[in-house]
Amino acid sequence: MKELDVLVSRYHDNRYACATPAEQATFLKLLNEVEDPDIWAWVMAHAEPPSEFASLIHELRRHA
């Protein structure tokens with residue numbers, strides 16, 4: 001999904017390097033374990049993300 005790629009790239013370019021190790025680990029887990037349509041639904045607030053991803057989804061939204 002092109003839109004999600006852009007969003008993830010913006011987060012990575014602007015936030016990932018200064019994120020805490022825990023946030024970095026959550027980001028990698030999100031990318032490796034969650035399907036794109038689910039991530040997109042959470043970012044667009046069409047569905048509520050699981051608590052383990054809620055803070056990261058908020059950061060992704062900030063970089064949209």
# chains A, B, ... in the order shown; residues from 1 in each chain; ligands from 1

$ select_by_dssp --residues "chain A" --states "alpha helix (DSSP H)" --output "number ranges by chain"
A: 2-14, 21-33, 36-43, 51-62

$ residues_around --residues "Asp36 of chain A" --least-positions-apart "2" --cutoff "12 Å" --atoms "only C-alpha atoms" --output "PyMOL selection string"
chain A and resi 1-5+7-8+30-34+38-43

$ atom_distance --atom1 "atom CA of Ala17 of chain A" --atom2 "atom CA of Ala45 of chain A"
25.5 Å

$ atom_distance --atom1 "atom CA of His46 of chain A" --atom2 "atom CA of Arg15 of chain A"
23.7 Å

$ closest_residue --among "A:Asn14, A:Ala54, A:Glu48, A:Val6" --to "Thr26 of chain A" --atoms "only C-alpha atoms"
A:Ala54

$ closest_residue --among "A:Pro37, A:Phe27, A:Ala19, A:Arg10" --to "Glu52 of chain A" --atoms "only C-alpha atoms"
A:Phe27

$ residues_around --residues "Tyr11 of chain A" --least-positions-apart "6" --cutoff "9 Å" --atoms "only C-alpha atoms" --output "list in words"
Glu59, Leu60, Arg61, Arg62, His63 and Ala64 of chain A

$ write_last_selection --atoms "N, CA and C atoms" --output "tab-separated table (two decimals), in the first residue's frame"
chain	number	residue	atom	x	y	z
A	59	GLU	N	2.22	8.20	17.10
A	59	GLU	CA	3.41	8.80	16.47
A	59	GLU	C	3.32	8.73	14.95
A	60	LEU	N	2.85	7.63	14.42
A	60	LEU	CA	2.69	7.52	12.97
A	60	LEU	C	1.72	8.58	12.46
A	61	ARG	N	0.63	8.80	13.20
A	61	ARG	CA	-0.33	9.83	12.80
A	61	ARG	C	0.32	11.21	12.81
A	62	ARG	N	1.16	11.48	13.78
A	62	ARG	CA	1.82	12.79	13.86
A	62	ARG	C	2.72	13.05	12.65
A	63	HIS	N	3.22	12.00	12.04
A	63	HIS	CA	4.12	12.15	10.90
A	63	HIS	C	3.41	11.97	9.57
A	64	ALA	N	2.11	11.93	9.61
A	64	ALA	CA	1.33	11.76	8.38
A	64	ALA	C	1.37	13.02	7.54
